[in-house]
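What follows is a set of notes on a single structure, which appears directly below.
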Amino acid sequence: MSEKYKYIILLGDGMADEPLDELEGKTPLMAAATPHFDLLAKTAELGTAVTVPEGYPAGSDVANLSVFGYAPEKYYTGRAPLEAASMGLELGPDDVVFRCNLVNILQYQMRGFMHDFSAGHISTADAHEIIA
């Protein structure tokens with residue numbers, strides 16, 4: 001009888017990020033307490049993969065296509081068609097779809113700073129009212 005294996009794929013999307021002054025020049029991952037990841041690293045089988053082909057933006061839309069076995073070079077459409085499909089929208093071959101993030105911008109000393117990348121987790125209904 002063959003053994004059955006269980007697999008877990010952990011995708012640390014954005015965990016590495018950029019070093020931040022607030023974290024004394026460390027990335028969020030470097031500064032985080034990671035006892036569970038540390039245990040997995042000691043006891044599990046680990047591997048790395050290049051999930052973003054050269055010339056493509058290093059984003060979760062491209063990387064997740066790769067992880068699930070789709071070649072971004074063949075299937076990458078940008079994020080908007082993927083999000084439209086996840087909402088059940090059917091697009092024709094000549095249709096174009098756009099996506100955007102609604103964000104909060106604060107003014108400070110005559111400059112604008114992004115305060116929240118999700119506009120306070122605005123509801124779909126409120127977002128629709130703003131952009132429709």
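Identifiers for the structure tokens are assigned positionally: chains receive A, B, ... in sequence, residues are indexed from 1 per chain, and ligands are indexed from 1 in the order shown.
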Using DSSP on the backbone coordinates, identify the residues of region 15-107 of chain A assigned to strand (DSSP E); present them as a list in words.
Asn104, Ile105, Leu106 and Gln107 of chain A
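Excluding region 129-131 of chain A itself and any same-chain residue fewer than 5 positions from it, the protein and nucleic acid residues within 10 Å of it, counting only C-alpha atoms, are Leu102, Ser123 and Thr124 of chain A.
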For Leu11 (chain A), list every protein, DNA or RNA residue within 10 Å, evaluated using only C-alpha atoms, and leave out those in the same chain fewer than 4 positions away; present the list as a count of residues only.
5
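As for CA of Glu54 (chain A) and CA of Tyr75 (chain A), they are spaced 15.0 Å apart.
Compared by their closest atoms to Ile105 (chain A), and using only C-alpha atoms, the residues A:Gly92, A:Gly120, A:Pro28, A:Gly69 rank with A:Gly120 nearest.
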Quick one: everything within 10 Å of Val103 (chain A), counting only C-alpha atoms, minus sequence neighbours fewer than 2 positions away in the same chain. Send it as a ChimeraX atom specification.
/A:100-101,105-106,114-122
Contacts of Asp61 (chain A) within 8 Å, only C-alpha atoms, excl. fewer than 3 positions in-chain, as a PyMOL selection string
chain A and resi 64-65+78-79
Writing out the chosen residues with C-alpha atoms as a compact mmCIF listing (two decimals), in the first residue's frame:
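Listing of out-v5.txt after writing:
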```txt
# COMPACT_ATOMS: atom_id res chain seq x y z
CA ASN A 64 0.01 32.73 -7.48
CA LEU A 65 -0.48 31.82 -11.14
CA GLY A 78 -3.20 41.56 -14.99
CA ARG A 79 -5.14 41.59 -11.76
```
Residues near Ala31 (chain A), anyone? I mean within 12 Å using only C-alpha atoms, not counting same-chain ones fewer than 2 positions away, as number ranges by chain.
A: 15-29, 33-34
Those residues you just picked out, can you put them in a file as an mmCIF file, in the first residue's frame with N, CA and C atoms?
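Everything below was put into out-v3.cif:
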```cif
data_model
loop_
_atom_site.group_PDB
_atom_site.id
_atom_site.type_symbol
_atom_site.label_atom_id
_atom_site.label_comp_id
_atom_site.auth_asym_id
_atom_site.auth_seq_id
_atom_site.Cartn_x
_atom_site.Cartn_y
_atom_site.Cartn_z
ATOM 1 N N MET A 15 5.719 39.154 2.934
ATOM 2 C CA MET A 15 6.387 39.079 4.243
ATOM 3 C C MET A 15 7.786 39.685 4.219
ATOM 4 N N ALA A 16 8.502 39.510 3.152
ATOM 5 C CA ALA A 16 9.873 40.027 3.109
ATOM 6 C C ALA A 16 9.857 41.551 3.045
ATOM 7 N N ASP A 17 9.036 42.106 2.191
ATOM 8 C CA ASP A 17 8.841 43.548 2.070
ATOM 9 C C ASP A 17 10.174 44.282 1.996
ATOM 10 N N GLU A 18 10.183 45.521 2.377
ATOM 11 C CA GLU A 18 11.376 46.368 2.354
ATOM 12 C C GLU A 18 11.793 46.675 3.789
ATOM 13 N N PRO A 19 13.079 46.909 4.024
ATOM 14 C CA PRO A 19 13.502 47.333 5.369
ATOM 15 C C PRO A 19 12.829 48.655 5.750
ATOM 16 N N LEU A 20 12.418 48.753 6.999
ATOM 17 C CA LEU A 20 11.725 49.947 7.484
ATOM 18 C C LEU A 20 12.511 50.599 8.606
ATOM 19 N N ASP A 21 12.566 51.927 8.585
ATOM 20 C CA ASP A 21 13.239 52.658 9.661
ATOM 21 C C ASP A 21 12.617 52.330 11.015
ATOM 22 N N GLU A 22 11.268 52.193 11.040
ATOM 23 C CA GLU A 22 10.569 51.907 12.293
ATOM 24 C C GLU A 22 10.984 50.560 12.887
ATOM 25 N N LEU A 23 11.533 49.688 12.056
ATOM 26 C CA LEU A 23 11.969 48.364 12.513
ATOM 27 C C LEU A 23 13.494 48.274 12.544
ATOM 28 N N GLU A 24 14.129 49.425 12.713
ATOM 29 C CA GLU A 24 15.591 49.509 12.796
ATOM 30 C C GLU A 24 16.269 48.907 11.570
ATOM 31 N N GLY A 25 15.692 49.205 10.403
ATOM 32 C CA GLY A 25 16.280 48.747 9.152
ATOM 33 C C GLY A 25 15.981 47.304 8.796
ATOM 34 N N LYS A 26 15.103 46.661 9.552
ATOM 35 C CA LYS A 26 14.743 45.271 9.265
ATOM 36 C C LYS A 26 13.474 45.229 8.420
ATOM 37 N N THR A 27 13.278 44.118 7.728
ATOM 38 C CA THR A 27 12.009 43.885 7.051
ATOM 39 C C THR A 27 11.003 43.395 8.090
ATOM 40 N N PRO A 28 9.706 43.449 7.790
ATOM 41 C CA PRO A 28 8.731 42.897 8.735
ATOM 42 C C PRO A 28 9.021 41.434 9.086
ATOM 43 N N LEU A 29 9.457 40.648 8.122
ATOM 44 C CA LEU A 29 9.760 39.247 8.410
ATOM 45 C C LEU A 29 10.964 39.113 9.331
ATOM 46 N N ALA A 33 8.414 37.746 15.338
ATOM 47 C CA ALA A 33 8.644 36.528 16.122
ATOM 48 C C ALA A 33 8.023 35.381 15.323
ATOM 49 N N THR A 34 8.825 34.386 14.983
ATOM 50 C CA THR A 34 8.352 33.326 14.088
ATOM 51 C C THR A 34 8.589 31.919 14.653
#
```
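Running DSSP on the backbone gives alpha helix (DSSP H) for these residues within region 49-86 of chain A: Ser60, Asp61, Val62, Ala63, Asn64, Leu65, Ser66, Val67, Pro72, Glu73, Lys74, Tyr75, Arg79, Ala80, Pro81, Leu82, Glu83, Ala84, Ala85 and Ser86 of chain A.
Considering only C-alpha atoms, the residue among A:Leu39, A:Ser2, A:Ile9, A:Pro72 positioned nearest to Ala58 (chain A) is A:Pro72.
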Counting only C-alpha atoms, figure out which residue out of A:Ala85, A:Glu45, A:Asn104, A:Glu73 gets nearest to Tyr7 (chain A).
A:Glu45
Given only C-alpha atoms as the counted atoms, nearest of A:Ser66, A:Gln109, A:Pro93, A:Phe98 to Ala80 (chain A):
A:Phe98
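One distance worth recording is that between CA of Lys74 (chain A) and CA of Gly55 (chain A), which is 13.4 Å.
Reported to one decimal place, the separation of CA of Thr77 (chain A) from CA of Val62 (chain A) is 9.1 Å.
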